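Have a look at final.cif; it's mmCIF, C-alpha atoms:
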```cif
data_work
loop_
_atom_site.label_atom_id
_atom_site.label_comp_id
_atom_site.auth_asym_id
_atom_site.auth_seq_id
_atom_site.Cartn_x
_atom_site.Cartn_y
_atom_site.Cartn_z
CA MET A 13 -4.34 182.67 -93.07
CA SER A 14 -4.30 186.30 -92.00
CA ALA A 15 -1.07 188.27 -92.09
CA PRO A 16 0.87 188.33 -88.80
CA LEU A 17 0.65 191.48 -86.72
CA ILE A 18 3.81 193.56 -87.00
CA LEU A 19 4.49 195.32 -83.72
CA GLU A 20 6.61 198.45 -83.57
CA PRO A 21 9.78 198.31 -81.45
CA TYR A 22 9.17 199.10 -77.79
CA PRO A 23 9.87 202.84 -77.61
CA TYR A 24 12.45 202.87 -74.84
CA ASP A 25 14.54 200.24 -76.64
CA ARG A 26 15.39 202.98 -79.14
CA LEU A 27 17.37 205.00 -76.59
CA GLY A 28 20.45 202.78 -76.40
CA HIS A 29 22.78 205.11 -78.29
CA LEU A 30 21.73 208.12 -76.21
CA ARG A 31 22.14 206.16 -72.99
CA ALA A 32 25.73 205.37 -73.97
CA ILE A 33 26.43 209.07 -74.53
CA ALA A 34 24.87 210.05 -71.20
CA ASP A 35 26.66 207.25 -69.39
CA ALA A 36 30.05 208.70 -70.39
CA HIS A 37 29.66 211.39 -67.74
CA ALA A 38 31.14 210.85 -64.31
CA GLY A 39 28.40 209.41 -62.16
CA GLY A 40 26.68 207.89 -65.18
CA CYS A 41 23.41 208.56 -66.90
CA VAL A 42 20.69 210.54 -65.13
CA ASP A 43 17.73 208.62 -66.51
CA LEU A 44 14.62 210.78 -66.83
CA SER A 45 13.15 208.70 -69.66
CA ILE A 46 10.91 205.96 -68.31
CA GLY A 47 9.47 207.28 -65.06
CA ASP A 48 10.36 204.35 -62.80
CA PRO A 49 9.47 205.09 -59.15
CA CYS A 50 12.53 205.34 -56.91
CA ASP A 51 11.10 206.24 -53.50
CA PRO A 52 10.18 203.82 -50.71
CA PRO A 53 6.71 202.30 -50.52
CA PRO A 54 4.77 202.65 -47.26
CA PRO A 55 6.25 200.40 -44.54
CA ALA A 56 2.84 198.90 -43.79
CA ALA A 57 2.62 197.64 -47.37
CA VAL A 58 6.05 196.04 -47.22
CA GLU A 59 5.18 194.37 -43.91
CA ALA A 60 1.93 193.04 -45.35
CA LEU A 61 3.72 191.74 -48.43
CA ALA A 62 6.18 189.81 -46.29
CA GLY A 63 3.84 188.57 -43.59
CA SER A 64 0.37 188.06 -45.02
CA GLY A 65 0.56 184.28 -45.26
CA ALA A 66 -1.56 184.62 -48.40
CA GLU A 67 1.00 182.86 -50.57
CA ARG A 68 -0.38 179.46 -49.55
CA SER A 69 -3.67 179.63 -51.44
CA TYR A 70 -4.92 180.69 -54.82
CA PRO A 71 -5.90 184.38 -54.68
CA ALA A 72 -9.34 185.63 -55.59
CA SER A 73 -9.17 186.82 -59.20
CA VAL A 74 -11.65 189.61 -58.61
CA GLY A 75 -9.77 190.66 -55.48
CA SER A 76 -9.95 189.74 -51.80
CA ALA A 77 -12.76 191.18 -49.71
CA ALA A 78 -10.24 193.28 -47.80
CA PHE A 79 -8.68 194.68 -50.97
CA LEU A 80 -12.05 195.59 -52.49
CA ARG A 81 -13.18 197.27 -49.25
CA ALA A 82 -9.94 199.23 -49.15
CA ALA A 83 -10.43 200.36 -52.74
CA ALA A 84 -14.01 201.41 -52.05
CA GLY A 85 -12.90 203.27 -48.93
CA TRP A 86 -10.18 205.08 -50.86
CA LEU A 87 -12.64 206.18 -53.55
CA ALA A 88 -15.02 207.50 -50.90
CA ARG A 89 -12.32 209.20 -48.83
CA ARG A 90 -10.35 210.82 -51.62
CA PHE A 91 -13.04 211.50 -54.24
CA GLY A 92 -16.31 211.49 -52.34
CA VAL A 93 -17.78 208.79 -54.62
CA GLN A 94 -19.60 205.77 -53.23
CA VAL A 95 -18.87 202.50 -55.03
CA PRO A 96 -19.93 199.13 -53.59
CA PRO A 97 -16.94 196.78 -53.15
CA GLU A 98 -18.65 194.19 -55.35
CA ARG A 99 -18.52 196.71 -58.23
CA ILE A 100 -14.69 196.76 -58.08
CA ALA A 101 -12.24 194.22 -59.51
CA ALA A 102 -8.49 193.75 -59.17
CA CYS A 103 -6.01 193.74 -62.06
CA VAL A 104 -2.36 192.73 -62.34
CA GLY A 105 -1.17 196.29 -62.66
CA THR A 106 -3.18 198.54 -64.94
CA LYS A 107 -1.04 198.20 -68.06
CA GLU A 108 -2.22 194.64 -68.71
CA LEU A 109 -5.84 195.72 -68.23
CA ILE A 110 -5.43 198.68 -70.59
CA ALA A 111 -3.89 196.41 -73.22
CA SER A 112 -6.58 193.72 -72.91
CA LEU A 113 -9.75 195.77 -72.30
CA PRO A 114 -10.59 196.43 -75.98
CA ARG A 115 -10.53 192.70 -76.68
CA LEU A 116 -12.74 192.02 -73.66
CA LEU A 117 -15.26 194.64 -74.80
CA GLN A 118 -15.22 193.00 -78.21
CA LEU A 119 -15.89 189.57 -76.68
CA ARG A 120 -18.67 191.07 -74.57
CA GLY A 121 -20.47 191.81 -77.82
CA ASP A 122 -20.03 195.57 -77.85
CA GLU A 123 -20.35 196.96 -81.36
CA GLY A 124 -17.55 198.80 -83.06
CA ASP A 125 -14.11 198.15 -84.46
CA THR A 126 -12.35 201.34 -83.39
CA VAL A 127 -10.51 202.42 -80.27
CA LEU A 128 -10.24 206.19 -79.81
CA TYR A 129 -7.37 207.51 -77.71
CA PRO A 130 -5.49 210.81 -77.18
CA ALA A 131 -3.20 211.77 -80.05
CA VAL A 132 -0.38 212.33 -77.55
CA ALA A 133 -0.55 209.46 -75.10
CA TYR A 134 0.82 206.40 -73.38
CA PRO A 135 1.50 203.91 -76.22
CA THR A 136 -0.48 201.02 -74.70
CA TYR A 137 -3.87 202.48 -75.67
CA ALA A 138 -3.05 202.05 -79.35
CA ALA A 139 -1.21 198.77 -78.77
CA GLY A 140 -4.25 197.26 -77.04
CA ALA A 141 -6.39 198.10 -80.05
CA LYS A 142 -3.91 196.60 -82.50
CA LEU A 143 -3.50 193.43 -80.44
CA ALA A 144 -7.27 192.99 -80.59
CA GLY A 145 -7.31 193.46 -84.37
CA LEU A 146 -9.08 196.81 -84.04
CA ARG A 147 -8.52 200.24 -85.56
CA ALA A 148 -6.55 202.63 -83.33
CA VAL A 149 -7.63 206.21 -84.08
CA PRO A 150 -5.98 209.15 -82.30
CA VAL A 151 -8.13 212.05 -81.09
CA PRO A 152 -6.59 215.51 -81.60
CA LEU A 153 -5.80 217.62 -78.54
CA GLU A 154 -6.74 221.21 -77.85
CA GLY A 155 -4.10 223.77 -76.95
CA ASN A 156 -4.53 222.99 -73.25
CA GLY A 157 -3.80 219.31 -73.85
CA ARG A 158 -7.40 218.14 -73.43
CA LEU A 159 -9.20 215.97 -75.95
CA ASP A 160 -10.83 217.88 -78.79
CA LEU A 161 -14.00 215.79 -78.77
CA GLY A 162 -15.49 217.95 -81.50
CA ALA A 163 -12.69 216.91 -83.84
CA ILE A 164 -13.68 213.22 -83.75
CA ARG A 165 -14.97 212.36 -87.19
CA THR A 166 -18.54 211.08 -87.31
CA ARG A 167 -17.50 207.91 -89.12
CA ASP A 168 -14.98 207.14 -86.36
CA ALA A 169 -17.45 207.92 -83.57
CA ASP A 170 -19.99 205.62 -85.24
CA ARG A 171 -17.44 202.78 -85.31
CA ALA A 172 -16.04 203.40 -81.80
CA LEU A 173 -15.84 200.52 -79.36
CA CYS A 174 -14.38 202.72 -76.62
CA LEU A 175 -12.74 206.06 -75.94
CA TRP A 176 -9.66 206.28 -73.72
CA VAL A 177 -8.99 209.32 -71.57
CA ASN A 178 -6.00 209.79 -69.27
CA SER A 179 -6.17 212.39 -66.49
CA PRO A 180 -3.72 213.71 -65.48
CA ALA A 181 -2.21 212.79 -68.81
CA ASN A 182 1.04 211.09 -69.66
CA PRO A 183 3.09 212.80 -71.09
CA THR A 184 1.56 216.29 -71.04
CA GLY A 185 0.22 216.47 -67.48
CA ALA A 186 -3.09 217.90 -68.73
CA VAL A 187 -6.21 217.41 -66.60
CA GLU A 188 -9.09 216.20 -68.74
CA ASP A 189 -12.69 217.44 -68.80
CA LEU A 190 -14.08 214.11 -67.64
CA ALA A 191 -17.68 215.34 -67.52
CA ALA A 192 -17.50 216.21 -71.22
CA ALA A 193 -15.92 212.85 -72.06
CA ALA A 194 -18.57 210.90 -70.14
CA ALA A 195 -21.37 212.86 -71.80
CA TRP A 196 -19.85 212.31 -75.26
CA GLY A 197 -19.72 208.55 -74.69
CA ARG A 198 -23.23 208.26 -73.30
CA GLU A 199 -24.74 210.21 -76.18
CA ARG A 200 -23.21 207.70 -78.60
CA GLY A 201 -23.30 204.48 -76.61
CA VAL A 202 -19.49 204.33 -76.47
CA VAL A 203 -17.74 203.09 -73.32
CA VAL A 204 -15.38 205.75 -71.93
CA CYS A 205 -12.35 204.24 -70.23
CA SER A 206 -10.60 206.65 -67.87
CA ASP A 207 -7.00 205.90 -66.91
CA GLU A 208 -6.57 207.75 -63.61
CA CYS A 209 -3.30 206.24 -62.43
CA TYR A 210 -1.70 209.65 -61.68
CA VAL A 211 -4.74 211.22 -60.05
CA GLU A 212 -3.13 211.59 -56.61
CA PHE A 213 -0.66 213.95 -58.27
CA THR A 214 -3.13 216.54 -59.52
CA TRP A 215 -1.61 219.84 -58.48
CA ASP A 216 -4.63 222.14 -58.67
CA ARG A 217 -6.82 220.43 -56.10
CA ALA A 218 -10.46 221.21 -55.45
CA ARG A 219 -10.85 223.78 -52.69
CA GLU A 220 -13.81 222.17 -50.97
CA GLY A 221 -14.77 218.63 -50.08
CA PRO A 222 -12.54 215.58 -50.54
CA PRO A 223 -9.06 216.42 -51.88
CA LEU A 224 -9.71 214.90 -55.32
CA ALA A 225 -13.40 215.75 -55.71
CA GLY A 226 -14.37 215.73 -59.37
CA ARG A 227 -11.07 214.22 -60.54
CA THR A 228 -12.52 210.80 -61.39
CA ILE A 229 -14.96 210.03 -64.17
CA LEU A 230 -17.01 208.20 -61.52
CA ALA A 231 -18.14 211.61 -60.27
CA GLN A 232 -20.36 211.60 -63.37
CA GLY A 233 -21.95 208.27 -62.40
CA SER A 234 -20.92 204.76 -63.38
CA ASP A 235 -23.08 204.02 -66.41
CA GLY A 236 -21.04 203.61 -69.57
CA VAL A 237 -17.68 204.38 -67.98
CA VAL A 238 -14.74 202.44 -66.55
CA ALA A 239 -12.17 204.00 -64.20
CA VAL A 240 -8.74 202.40 -63.90
CA HIS A 241 -6.48 202.95 -60.87
CA SER A 242 -2.96 201.87 -59.98
CA LEU A 243 -0.74 201.71 -56.92
CA SER A 244 2.47 201.84 -58.96
CA LYS A 245 3.02 205.59 -58.70
CA ARG A 246 0.69 206.47 -55.81
CA SER A 247 2.50 204.12 -53.43
CA ASN A 248 5.78 203.29 -55.23
CA LEU A 249 4.62 199.71 -55.75
CA ALA A 250 5.29 199.37 -59.48
CA GLY A 251 7.24 196.17 -58.85
CA VAL A 252 4.36 194.25 -57.28
CA ARG A 253 1.78 194.93 -60.04
CA ALA A 254 -1.49 195.85 -58.38
CA GLY A 255 -4.42 197.94 -59.55
CA PHE A 256 -8.19 197.88 -59.86
CA TYR A 257 -11.00 198.98 -62.11
CA THR A 258 -14.62 199.93 -61.51
CA GLY A 259 -17.54 201.63 -63.18
CA ASP A 260 -20.35 200.28 -65.35
CA ALA A 261 -21.76 197.21 -63.58
CA ASP A 262 -22.22 195.11 -66.71
CA VAL A 263 -18.77 195.90 -68.09
CA VAL A 264 -17.00 195.26 -64.78
CA ASP A 265 -18.87 192.00 -64.19
CA PHE A 266 -18.13 190.65 -67.67
CA CYS A 267 -14.46 191.61 -67.52
CA ALA A 268 -14.05 190.13 -64.04
CA GLN A 269 -15.58 186.83 -65.13
CA ALA A 270 -13.56 186.67 -68.35
CA ARG A 271 -10.34 187.46 -66.53
CA ARG A 272 -11.11 184.72 -64.03
CA HIS A 273 -11.16 182.21 -66.89
CA LEU A 274 -7.91 183.67 -68.20
CA GLY A 275 -6.21 183.15 -64.85
CA CYS A 276 -5.58 186.86 -64.27
CA MET A 277 -4.92 186.94 -60.53
CA VAL A 278 -3.12 189.47 -58.36
CA PRO A 279 -0.98 187.35 -55.99
CA GLY A 280 -2.36 187.11 -52.45
CA PRO A 281 0.60 188.81 -50.74
CA VAL A 282 0.40 191.63 -53.28
CA GLN A 283 -3.29 192.12 -52.52
CA ALA A 284 -2.43 192.35 -48.83
CA ALA A 285 0.21 194.99 -49.57
CA ALA A 286 -2.20 196.90 -51.80
CA THR A 287 -4.83 196.84 -49.07
CA ALA A 288 -2.39 198.36 -46.60
CA ALA A 289 -1.32 201.03 -49.10
CA LEU A 290 -4.87 202.04 -49.99
CA ASN A 291 -5.74 202.42 -46.32
CA ASP A 292 -2.92 204.94 -45.78
CA ASP A 293 -2.96 208.47 -47.25
CA ASP A 294 -0.07 210.00 -45.30
CA HIS A 295 2.64 208.46 -47.49
CA VAL A 296 0.94 209.89 -50.58
CA GLU A 297 1.15 213.41 -49.20
CA THR A 298 4.88 212.87 -48.66
CA GLN A 299 5.24 211.63 -52.23
CA ARG A 300 3.28 214.60 -53.57
CA ARG A 301 5.77 216.98 -51.97
CA ARG A 302 8.69 215.04 -53.43
CA TYR A 303 7.35 215.14 -56.95
CA ARG A 304 6.30 218.78 -56.80
CA ASP A 305 9.74 219.78 -55.52
CA ARG A 306 11.50 217.72 -58.20
CA LEU A 307 9.37 219.18 -60.97
CA ALA A 308 10.26 222.69 -59.84
CA THR A 309 13.95 221.77 -59.55
CA LEU A 310 14.03 220.23 -63.01
CA ALA A 311 12.26 223.19 -64.57
CA GLY A 312 14.80 225.50 -63.00
CA LEU A 313 17.73 223.41 -64.21
CA LEU A 314 16.44 223.41 -67.77
CA GLU A 315 16.49 227.20 -67.76
CA HIS A 316 20.30 226.93 -67.71
CA LEU A 317 19.93 225.42 -71.18
CA ASP A 318 17.47 228.10 -72.34
CA LEU A 319 14.61 225.62 -72.28
CA ARG A 320 11.17 226.60 -71.05
CA ALA A 321 9.52 223.85 -69.02
CA PRO A 322 6.06 224.86 -67.76
CA LEU A 323 4.90 222.98 -64.68
CA PRO A 324 2.09 220.53 -65.48
CA GLU A 325 -1.46 220.48 -64.13
CA GLY A 326 -0.81 216.97 -62.88
CA ALA A 327 1.50 213.94 -62.92
CA PHE A 328 5.28 214.24 -62.62
CA TYR A 329 6.48 214.86 -66.16
CA LEU A 330 7.81 217.94 -67.88
CA TRP A 331 6.67 218.23 -71.49
CA VAL A 332 9.23 220.46 -73.16
CA ALA A 333 9.04 221.96 -76.63
CA ALA A 334 12.22 221.23 -78.59
CA PRO A 335 13.90 224.16 -80.35
CA GLY A 336 12.97 224.01 -84.01
CA GLY A 337 10.77 221.00 -83.26
CA ASP A 338 13.83 218.71 -83.27
CA ALA A 339 13.14 216.40 -80.33
CA TRP A 340 15.83 213.85 -81.16
CA GLY A 341 18.33 216.68 -81.55
CA LEU A 342 17.39 218.03 -78.12
CA ALA A 343 17.63 214.53 -76.61
CA GLN A 344 21.11 214.19 -78.12
CA ARG A 345 22.10 217.59 -76.75
CA LEU A 346 20.89 216.78 -73.24
CA ALA A 347 22.72 213.46 -73.25
CA ALA A 348 25.98 215.04 -74.44
CA THR A 349 25.83 218.24 -72.39
CA ALA A 350 24.40 217.00 -69.11
CA GLY A 351 24.37 213.21 -69.20
CA VAL A 352 20.57 213.19 -69.13
CA LEU A 353 18.38 210.63 -70.88
CA VAL A 354 14.93 211.86 -71.93
CA SER A 355 12.11 210.51 -74.10
CA PRO A 356 11.51 212.06 -77.54
CA GLY A 357 7.85 212.97 -77.87
CA GLU A 358 7.21 210.72 -80.86
CA PHE A 359 7.16 207.81 -78.38
CA TYR A 360 3.71 209.13 -77.45
CA GLY A 361 2.42 209.62 -80.97
CA SER A 362 3.41 211.58 -84.04
CA ALA A 363 1.57 214.63 -82.70
CA GLY A 364 4.14 214.81 -79.90
CA ALA A 365 7.18 214.70 -82.14
CA GLY A 366 8.24 218.28 -81.39
CA HIS A 367 8.64 217.74 -77.64
CA VAL A 368 10.61 215.70 -75.15
CA ARG A 369 9.37 214.25 -71.87
CA LEU A 370 11.33 214.33 -68.61
CA ALA A 371 10.20 212.24 -65.63
CA ALA A 372 10.80 213.66 -62.16
CA THR A 373 11.23 210.18 -60.72
CA VAL A 374 14.91 210.09 -59.80
CA PRO A 375 16.37 210.49 -56.30
CA ASP A 376 17.24 214.02 -55.23
CA GLU A 377 20.96 213.24 -55.31
CA ARG A 378 20.71 212.55 -59.06
CA LEU A 379 19.20 215.99 -59.56
CA GLU A 380 22.04 217.45 -57.48
CA LEU A 381 24.49 215.71 -59.81
CA LEU A 382 22.67 217.19 -62.77
CA ALA A 383 22.86 220.65 -61.21
CA ALA A 384 26.62 220.28 -60.78
CA ARG A 385 27.01 219.28 -64.42
CA LEU A 386 25.00 222.24 -65.65
CA ALA A 387 27.18 224.58 -63.60
CA THR A 388 29.97 223.69 -66.08
CA PRO A 389 28.08 222.62 -69.19
CA GLY A 390 29.37 221.62 -72.59
CA ARG A 391 31.47 218.57 -71.92
CA PRO A 392 31.28 215.18 -70.21
CA SER A 393 32.39 215.32 -66.60
CA GLY A 394 35.34 213.01 -67.19
CA PRO A 395 35.74 209.24 -67.16
CA ARG A 396 33.62 207.20 -64.81
#
```
Can you turn what I pasted into structure tokens?
Amino acid sequence: MSAPLILEPYPYDRLGHLRAIADAHAGGCVDLSIGDPCDPPPPAAVEALAGSGAERSYPASVGSAAFLRAAAGWLARRFGVQVPPERIAACVGTKELIASLPRLLQLRGDEGDTVLYPAVAYPTYAAGAKLAGLRAVPVPLEGNGRLDLGAIRTRDADRALCLWVNSPANPTGAVEDLAAAAAWGRERGVVVCSDECYVEFTWDRAREGPPLAGRTILAQGSDGVVAVHSLSKRSNLAGVRAGFYTGDADVVDFCAQARRHLGCMVPGPVQAAATAALNDDDHVETQRRRYRDRLATLAGLLEHLDLRAPLPEGAFYLWVAAPGGDAWGLAQRLAATAGVLVSPGEFYGSAGAGHVRLAATVPDERLELLAARLATPGRPSGPR
């Protein structure tokens, strides 16, 4: 019998003692740790969720025709890429797909026992590899936060089952060179999986053509790549769990069929809500303004604590270097001084241990409370 897999504690479960410190401030903890959306989803999506009538029947595992058309239309409208609806498949939020995709590639017969992923990254890339019994090998980052593809060791490239990229990246906000990543994978026969769940919040947009032209790996063609998209942040629908994936025809078809056997189905009402959200771009522009304003506000507030917080290329996180490289010490200081809960960078890999991450996903009134605290820093604001 093989030894049982020992999983590390879920990162955010390690913040309990800091949450208690932050919660001692009047008004309670200002939680900038997880990045949970707080703003309203588009009304049309909520109406569709409540009134679709789709709860009566089993939903299509691959996605309803309307959902797949909406996804294809969104890709064409926002990125200028043409993908047939039948080349797209639904997933129950993208986290479960990210966690299970290495195992599905393995079952498909793809060679390799190694999953490559960014050295500073969302923890699920490595977790998915470990849950599949595969090697999880981090890829070093360049100074701009992009993957240093040249640093991948030949023996790891030769054993690679897939390479994960995330653009814009969590937690750094870096925008990846997706053309280089796709070319690297094709030269070596390695599937490149591109997590693009924050792509609507890329701040340096293309000047010509569709607003997100070139920001998806699909702009390089579909062979040997998989693009993963989510409505959780784009449309504030994290609670309904809806996303989709597309790309290489053989990979998408195999995964869709396997997931059908596994019973992976986005509920019918959720698919109706997702369809409505994908067909509407106006609410995303509103959300973009919110996040950009909050990032700027947070960066300004951190200056009161002599912390430099450069604005990211994308996403809605500030990636802040900790004085002396002591991220847990900075997290403790922020909790005690301002009642703020942040994520130490080691949650995203040992290479991130000298930073903290702040998520600009709290209501504006919570940032106003934080500003008031920083006006008189150094002590809790009194009993709650």
Each segment 160-231 of chain A residue no farther than 12 Å from segment 275-297 of chain A, nearest pair in Å, only C-alpha atoms, as a Markdown table:
```
| residue | atom | partner | partner_atom | distance |
| --- | --- | --- | --- | --- |
| A:Tyr210 | CA | A:Val296 | CA | 11.4 |
| A:Val211 | CA | A:Val296 | CA | 11.1 |
| A:Glu212 | CA | A:Val296 | CA | 7.5 |
| A:Phe213 | CA | A:Val296 | CA | 8.8 |
| A:Thr214 | CA | A:Glu297 | CA | 11.6 |
| A:Trp215 | CA | A:Glu297 | CA | 11.6 |
| A:Pro223 | CA | A:Glu297 | CA | 11.0 |
```
Inset, instruction - Please evaluate the PyMOL selection byres ((chain A and resi 103) around 9) against the structure above and give the resulting residues as a VMD selection string. - result: chain A and resid 73 to 75 101 to 102 104 to 109 242 253 to 257 271 276 to 278
Inset, instruction - Anything within 12 Å of (24.5, 213.3, -64.6): list those residues as a ChimeraX atom specification, counting only C-alpha atoms and sticking to the file's coordinates. - result: /A:31,33-44,346-353,374-389,391-394,396
Give me the residues of segment 99-132 of chain A that have any atom at most 12 Å from an atom of segment 359-363 of chain A; for each, the nearest atom pair and the distance in Å, rounded to one decimal. Use only C-alpha atoms, sort by chain and number, and format it as a Markdown table.
```
| residue | atom | partner | partner_atom | distance |
| --- | --- | --- | --- | --- |
| A:Tyr129 | CA | A:Gly361 | CA | 10.5 |
| A:Pro130 | CA | A:Gly361 | CA | 8.9 |
| A:Ala131 | CA | A:Gly361 | CA | 6.1 |
| A:Val132 | CA | A:Gly361 | CA | 5.2 |
```
Output C-alpha atoms of each residue in that selection to a file, as an mmCIF file, in the frame of the given file.
```cif
data_model
loop_
_atom_site.group_PDB
_atom_site.id
_atom_site.type_symbol
_atom_site.label_atom_id
_atom_site.label_comp_id
_atom_site.auth_asym_id
_atom_site.auth_seq_id
_atom_site.Cartn_x
_atom_site.Cartn_y
_atom_site.Cartn_z
ATOM 1 C CA TYR A 129 -7.370 207.510 -77.710
ATOM 2 C CA PRO A 130 -5.490 210.810 -77.180
ATOM 3 C CA ALA A 131 -3.200 211.770 -80.050
ATOM 4 C CA VAL A 132 -0.380 212.330 -77.550
#
```
Counting all atoms listed in the file, which residues in segment 44-123 of chain A sit no more than 10 Å from segment 189-205 of chain A? For each one, give the nearest pair of atoms and the distance in Å, sorted by chain then residue number, as JSON lines.
```
{"residue": "A:Ile110", "atom": "CA", "partner": "A:Cys205", "partner_atom": "CA", "distance": 8.9}
{"residue": "A:Leu113", "atom": "CA", "partner": "A:Cys205", "partner_atom": "CA", "distance": 9.1}
{"residue": "A:Pro114", "atom": "CA", "partner": "A:Cys205", "partner_atom": "CA", "distance": 9.9}
{"residue": "A:Leu117", "atom": "CA", "partner": "A:Val203", "partner_atom": "CA", "distance": 8.9}
{"residue": "A:Asp122", "atom": "CA", "partner": "A:Val202", "partner_atom": "CA", "distance": 8.9}
{"residue": "A:Glu123", "atom": "CA", "partner": "A:Val202", "partner_atom": "CA", "distance": 8.9}
```
Inset, instruction - Could you tell me how far atom CA of Ile46 of chain A lies from atom CA of Gly155 of chain A, in Å and to one decimal? - result: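 Here the two named atoms are 24.8 Å from each other.
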Inset, instruction - Evaluate the PyMOL selection byres ((chain A and resi 90-93) around 9) and record the selected residues as an MDAnalysis selection string, following the chain and residue labels used in the document. - result: chainID A and resid 84:89 94:95 212 221:228 230:231 233 293
Inset, instruction - List, as a count of residues only, every residue that the PyMOL selection byres ((chain A and resi 319) around 12) selects in the file provided. - result: 24
Inset, instruction - Choose the residue, out of A:Ala169, A:Ala57, A:Leu30, A:Ala139, that has the smallest atom-to-atom separation from Leu243 of chain A; count only C-alpha atoms. - result: A:Ala57
Inset, instruction - Tell me which of A:Asn156, A:Arg302, A:Leu370, A:Gly47 sits closest to Ser244 of chain A, counting only C-alpha atoms. - result: A:Gly47
Inset, instruction - Figure out the distance between atom CA of Phe266 of chain A and atom CA of Arg120 of chain A, please, to one decimal in Å. - result: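 About the pair atom CA of Arg120 of chain A and atom CA of Phe266 of chain A: they are 6.9 Å apart.
Distances to Leu128 of chain A were evaluated for A:Gly357, A:Pro150, A:Gly140, A:Gly145 using all atoms listed in the file, and the minimum falls at A:Pro150.
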